Structure formats: C-alpha cells, structure tokens
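One file, query16.tsv, is given below (TSV, C-alpha atoms).
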```
chain	number	residue	atom	x	y	z
A	20	MET	CA	-3.64	-91.24	-55.58
A	21	GLY	CA	-1.36	-88.56	-54.10
A	22	THR	CA	1.26	-89.04	-51.45
A	23	GLN	CA	0.72	-87.60	-48.03
A	24	VAL	CA	3.45	-85.21	-46.90
A	25	ASP	CA	4.57	-85.47	-43.26
A	26	PHE	CA	5.26	-81.88	-42.23
A	27	ASP	CA	6.59	-83.08	-38.87
A	28	ALA	CA	9.20	-85.52	-40.23
A	29	GLY	CA	12.04	-83.01	-39.80
A	30	LEU	CA	10.91	-82.09	-36.31
A	31	VAL	CA	10.68	-85.75	-35.29
A	32	ALA	CA	14.18	-86.40	-36.69
A	33	ARG	CA	15.60	-83.44	-34.73
A	34	LEU	CA	13.84	-84.57	-31.55
A	35	ARG	CA	15.37	-88.02	-31.97
A	36	GLU	CA	18.79	-86.35	-32.25
A	37	ASP	CA	18.15	-84.57	-28.89
A	38	ASP	CA	18.25	-81.14	-30.51
A	39	PRO	CA	17.12	-78.68	-27.75
A	40	ALA	CA	15.71	-76.30	-30.37
A	41	ALA	CA	13.40	-79.10	-31.54
A	42	ALA	CA	11.80	-79.33	-28.11
A	43	VAL	CA	11.10	-75.59	-28.23
A	44	ARG	CA	9.65	-75.98	-31.74
A	45	LEU	CA	7.44	-78.86	-30.52
A	46	VAL	CA	5.99	-76.66	-27.79
A	47	GLU	CA	5.44	-73.80	-30.26
A	48	ARG	CA	3.70	-76.09	-32.73
A	49	TYR	CA	1.64	-78.28	-30.39
A	50	GLY	CA	1.51	-76.57	-26.98
A	51	GLU	CA	-1.72	-74.67	-27.52
A	52	ARG	CA	-3.39	-77.67	-29.16
A	53	ALA	CA	-2.45	-79.94	-26.23
A	54	TYR	CA	-3.68	-77.32	-23.76
A	55	ARG	CA	-7.06	-76.85	-25.49
A	56	LEU	CA	-7.67	-80.60	-25.58
A	57	ALA	CA	-6.69	-81.01	-21.92
A	58	ALA	CA	-8.91	-78.06	-20.95
A	59	ARG	CA	-11.91	-79.64	-22.66
A	60	ILE	CA	-11.34	-82.82	-20.69
A	61	THR	CA	-10.43	-81.43	-17.26
A	62	GLY	CA	-12.47	-78.24	-17.32
A	63	THR	CA	-9.81	-76.37	-15.32
A	64	ARG	CA	-6.95	-74.16	-16.46
A	65	ASP	CA	-4.35	-75.42	-13.95
A	66	GLU	CA	-4.99	-79.10	-14.64
A	67	ALA	CA	-5.00	-78.45	-18.38
A	68	GLU	CA	-1.64	-76.65	-18.19
A	69	ASP	CA	-0.16	-79.52	-16.14
A	70	ALA	CA	-1.55	-82.14	-18.52
A	71	ALA	CA	-0.29	-80.30	-21.63
A	72	GLN	CA	3.16	-79.85	-20.10
A	73	SER	CA	3.24	-83.51	-19.09
A	74	ALA	CA	2.23	-84.59	-22.61
A	75	LEU	CA	4.88	-82.47	-24.32
A	76	THR	CA	7.59	-83.55	-21.86
A	77	THR	CA	6.64	-87.18	-22.42
A	78	ALA	CA	6.72	-86.66	-26.18
A	79	VAL	CA	10.26	-85.27	-26.05
A	80	ARG	CA	11.47	-87.96	-23.63
A	81	THR	CA	9.87	-90.90	-25.48
A	82	ILE	CA	10.01	-89.71	-29.10
A	83	ASP	CA	11.54	-93.04	-30.15
A	84	GLU	CA	8.21	-94.71	-29.25
A	85	LEU	CA	6.40	-92.76	-31.97
A	86	ARG	CA	5.41	-95.32	-34.59
A	87	SER	CA	6.26	-94.55	-38.19
A	88	ASP	CA	2.59	-94.98	-39.19
A	89	SER	CA	1.37	-92.46	-36.60
A	90	SER	CA	1.41	-88.69	-36.97
A	91	LEU	CA	3.14	-86.56	-34.35
A	92	GLY	CA	-0.01	-84.48	-33.82
A	93	ALA	CA	-2.24	-87.50	-33.22
A	94	TRP	CA	0.33	-88.98	-30.83
A	95	ILE	CA	0.52	-85.72	-28.85
A	96	ASP	CA	-3.29	-85.65	-28.74
A	97	ARG	CA	-3.29	-89.14	-27.20
A	98	LEU	CA	-0.60	-88.15	-24.69
A	99	ALA	CA	-2.47	-84.97	-23.72
A	100	ALA	CA	-5.78	-86.81	-23.43
A	101	SER	CA	-4.19	-89.49	-21.29
A	102	ALA	CA	-2.56	-86.93	-18.97
A	103	ALA	CA	-5.82	-84.98	-18.69
A	104	TYR	CA	-7.75	-88.18	-18.00
A	105	ARG	CA	-5.39	-89.01	-15.12
A	106	LYS	CA	-5.97	-85.52	-13.68
A	107	LEU	CA	-9.73	-85.95	-14.00
A	108	LEU	CA	-9.65	-89.34	-12.28
A	109	ALA	CA	-7.41	-88.04	-9.49
A	110	ARG	CA	-9.84	-85.21	-8.81
A	111	SER	CA	-12.97	-87.34	-8.86
A	112	GLY	CA	-11.44	-90.20	-6.89
A	113	SER	CA	-12.82	-92.89	-9.19
A	114	SER	CA	-14.96	-93.38	-12.23
A	115	LYS	CA	-18.65	-94.08	-11.79
A	116	GLU	CA	-20.95	-95.87	-14.19
A	117	ILE	CA	-23.99	-94.27	-15.78
A	118	ALA	CA	-26.96	-96.53	-15.17
A	119	LEU	CA	-29.14	-96.86	-18.26
A	120	ASP	CA	-32.26	-96.71	-16.10
A	121	ASP	CA	-31.23	-93.20	-15.06
A	122	VAL	CA	-31.02	-91.86	-18.61
A	123	LEU	CA	-33.54	-93.82	-20.67
A	124	PRO	CA	-37.13	-92.60	-20.91
A	125	LEU	CA	-39.66	-94.60	-18.91
A	126	PHE	CA	-41.97	-97.03	-20.72
A	127	ASP	CA	-45.42	-98.24	-19.71
A	128	GLY	CA	-46.62	-101.87	-19.89
A	129	ALA	CA	-47.47	-101.48	-23.60
A	130	GLY	CA	-43.96	-100.27	-24.44
A	131	ARG	CA	-44.95	-96.63	-24.95
A	132	HIS	CA	-42.99	-93.77	-23.46
A	133	PHE	CA	-44.44	-93.15	-20.03
A	134	GLU	CA	-43.07	-89.62	-19.94
A	135	PRO	CA	-42.61	-88.66	-23.61
A	136	MET	CA	-39.76	-86.28	-24.32
A	137	SER	CA	-40.48	-83.30	-26.49
A	138	ASP	CA	-38.37	-82.84	-29.60
A	139	TRP	CA	-36.40	-79.70	-28.78
A	140	SER	CA	-33.71	-80.23	-31.42
A	141	GLY	CA	-35.33	-77.73	-33.80
A	142	ARG	CA	-35.09	-74.98	-31.18
A	143	ILE	CA	-31.31	-75.04	-31.08
A	144	ASP	CA	-29.26	-72.80	-33.31
A	145	VAL	CA	-25.73	-73.96	-32.60
A	146	TRP	CA	-24.16	-70.73	-33.79
A	147	ASP	CA	-26.44	-68.48	-31.80
A	148	ALA	CA	-27.24	-70.54	-28.71
A	149	PRO	CA	-28.30	-68.45	-25.73
A	150	GLU	CA	-25.85	-68.27	-22.83
A	151	ASP	CA	-28.12	-70.33	-20.54
A	152	LEU	CA	-28.19	-73.19	-23.07
A	153	ARG	CA	-24.41	-73.09	-23.50
A	154	GLN	CA	-24.09	-73.16	-19.72
A	155	SER	CA	-26.52	-76.10	-19.50
A	156	VAL	CA	-24.46	-78.05	-22.04
A	157	THR	CA	-21.23	-77.24	-20.16
A	158	ASP	CA	-22.81	-78.24	-16.84
A	159	ALA	CA	-24.12	-81.50	-18.32
A	160	VAL	CA	-20.70	-82.40	-19.77
A	161	ASP	CA	-19.04	-81.49	-16.45
A	162	ALA	CA	-21.49	-83.76	-14.61
A	163	LEU	CA	-20.47	-86.81	-16.66
A	164	PRO	CA	-18.28	-89.36	-14.87
A	165	PRO	CA	-14.66	-89.12	-16.11
A	166	ASP	CA	-14.69	-92.20	-18.37
A	167	TYR	CA	-17.80	-90.97	-20.16
A	168	ARG	CA	-16.71	-87.34	-20.32
A	169	ILE	CA	-13.38	-88.12	-21.93
A	170	SER	CA	-14.98	-90.52	-24.42
A	171	LEU	CA	-17.53	-87.88	-25.44
A	172	VAL	CA	-15.02	-85.03	-25.69
A	173	LEU	CA	-12.45	-87.04	-27.63
A	174	HIS	CA	-15.00	-88.46	-30.07
A	175	ASP	CA	-17.63	-85.77	-30.55
A	176	VAL	CA	-15.48	-82.66	-30.07
A	177	GLU	CA	-11.99	-83.77	-31.13
A	178	GLY	CA	-13.03	-86.31	-33.76
A	179	MET	CA	-10.85	-89.14	-32.45
A	180	SER	CA	-11.71	-92.67	-33.48
A	181	SER	CA	-13.00	-95.27	-31.04
A	182	VAL	CA	-9.74	-97.18	-31.51
A	183	ASP	CA	-7.59	-94.16	-30.52
A	184	ILE	CA	-9.85	-93.38	-27.56
A	185	GLY	CA	-9.58	-97.01	-26.49
A	186	GLU	CA	-5.78	-96.66	-26.50
A	187	VAL	CA	-6.03	-93.64	-24.19
A	188	LEU	CA	-8.45	-95.40	-21.81
A	189	GLY	CA	-7.02	-98.90	-22.08
A	190	ILE	CA	-10.30	-100.41	-23.30
A	191	GLY	CA	-11.64	-101.83	-26.55
A	192	PRO	CA	-13.50	-99.84	-29.23
A	193	SER	CA	-16.84	-101.48	-28.37
A	194	ALA	CA	-16.51	-100.33	-24.75
A	195	VAL	CA	-15.77	-96.81	-26.03
A	196	ARG	CA	-18.92	-96.90	-28.19
A	197	ALA	CA	-20.98	-98.05	-25.20
A	198	ARG	CA	-19.65	-95.17	-23.09
A	199	LEU	CA	-20.40	-92.72	-25.90
A	200	HIS	CA	-23.96	-94.00	-26.15
A	201	HIS	CA	-24.52	-93.67	-22.39
A	202	ALA	CA	-22.91	-90.21	-22.32
A	203	ARG	CA	-25.17	-88.98	-25.14
A	204	LEU	CA	-28.24	-90.36	-23.40
A	205	PHE	CA	-27.16	-88.58	-20.22
A	206	LEU	CA	-26.74	-85.28	-22.08
A	207	ARG	CA	-30.06	-85.72	-23.87
A	208	LYS	CA	-31.81	-86.19	-20.54
A	209	ARG	CA	-30.08	-83.19	-18.96
A	210	LEU	CA	-30.88	-80.97	-21.94
A	211	SER	CA	-34.48	-82.19	-22.00
A	212	ASP	CA	-34.74	-81.14	-18.36
A	213	HIS	CA	-33.34	-77.72	-19.37
A	214	PHE	CA	-35.94	-77.23	-22.12
A	215	GLU	CA	-38.83	-78.45	-19.97
A	216	SER	CA	-37.96	-75.87	-17.32
A	217	ALA	CA	-37.42	-73.08	-19.89
```
Show me this structure written as structure tokens.
Amino acid sequence: MGTQVDFDAGLVARLREDDPAAAVRLVERYGERAYRLAARITGTRDEAEDAAQSALTTAVRTIDELRSDSSLGAWIDRLAASAAYRKLLARSGSSKEIALDDVLPLFDGAGRHFEPMSDWSGRIDVWDAPEDLRQSVTDAVDALPPDYRISLVLHDVEGMSSVDIGEVLGIGPSAVRARLHHARLFLRKRLSDHFESA
C-alpha cells in the first residue's frame, strides 16, 4: 500500500507562519475551485464571489483549525459551501421543507400509480442534451429550497460525503440522505413535467 503525498503540506506550513506569499498562493491554487462550488450553490456570480472570498479569508485566518487528517482542498470546499449556503439562506429568508406528497406519484386504492410516470431516462443524452432540457434542469435545481439544493449540489455534483455535507449544514448524515432523497424526487417530478409537455 503506497503512501499518500500531501501536496499542500508546504503551503499549510507557510500559512501557519503568516507568510503573505502563502495567502496569494492559496488564492491562486483554490480561488477558482471555491468560486465554482459557490456558484453552483448560489446560482449568482456576485454571491459566489463573496462566498469564495469569505472562504479563502477564513482559511487564512483560521489555518490552525485545519485538522491534520483533513486535506486543505476538502476544508476549503467545506468553507466555501458553508459561506455559499449562508448567502442562499439570506436571500431566501428561510429554508422550506419539501413535502413528500408534493413529489411522490399518486397511488390508487390498490396501490397502483394513479398517474403513471413515463420512463424518459432513455431519451437523455447527457453529453448532447438540448438547451431546453439543460434549462429545465437548472430551473428545477434553482427551485429547490436551500437545504435541499446545497445537499444535492454537494453530493451529486461535487461528490462530497453525507458526513462532510452534514458538517456544512450542522445536521447528521441520515438527515442529509433524507434531503437528498426528497431533492431527487423533486427533480424527477419537475423533469417528468418537462418531458410530458415536450
């Protein structure tokens, strides 16, 4: 079994020594990554820039809080996600819940789908999706309440674990999984509506 090399160890050491050049290097290395993540969460350029700047400033200021078992990149991702989440909540005012009744298909008395959904998954070519489908996906993600949107983006787009997402949101991994499930049901319903009208 090979050893994992920490390419950021030198940078972290220089940040802990308050080397001003290290802060510049941190921004060069992780600025764009923090911005892209924040943009996926907030959906706006200005809020994403603010969130990325906040995350990088926090990283420099609190570098001693970085645990030795955590990578610098993953820590910056959590800081950026947290800052973006705060922006999203501030804009929306609060977080709403997604009611399961609103996203589950209806069943009749015998337990059969009352309004069966067609299987449209075979009609999607992810690499060549038409603009209207891409816009429908974007609109559906934008329509998610903040807690669900951030859970979906961090897990399904960024590949973060439920544990890491829970740290960002201040909830347990099982609550993250529940939000992911509801968010996916919401998107499935929205995309089904798109394909039925197409």
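Closest approach to Asp83 in chain A among A:His201, A:Arg33, A:Arg153, A:Lys208 is made by A:Arg33 (distances from all atoms listed in the file).
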Expressed in Å to a single decimal, how great is the separation between CA of Gln154 in chain A and CA of Ala58 in chain A?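 Interatomic distance here is 16.0 Å.
One finds CA of Val195 in chain A at 22.0 Å from CA of Ala74 in chain A.
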A:Ser170, A:Thr63, A:Ser87, A:Gln72 ranked by distance to Val182 in chain A, top pick (using all atoms listed in the file):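 Going through A:Ser170, A:Thr63, A:Ser87, A:Gln72 one by one, the smallest distance to Val182 in chain A is for A:Ser170.
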As an exercise, work out the distance from CA of Tyr54 in chain A to CA of Glu68 in chain A in Å and give it to one decimal place.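 These atoms are spaced 6.0 Å apart.
For the choices A:Arg203, A:Arg86, A:Arg64, A:Arg80, the atom-to-atom distance to Lys106 in chain A is smallest for A:Arg64 when using all atoms listed in the file.
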Within-12 Å shell of (-8.5, -96.0, -27.3) in input frame, all atoms listed in the file, as number ranges by chain: A: 94, 96-98, 100-101, 166, 169-170, 173-174, 179-196, 198
Residues near Ala162 in chain A, cut-off 12 Å, all atoms listed in the file, skip fewer than 2 positions along chain, as a ChimeraX atom specification: /A:60-62,107,111,114-115,117,155-160,164-169,202,205-206,209
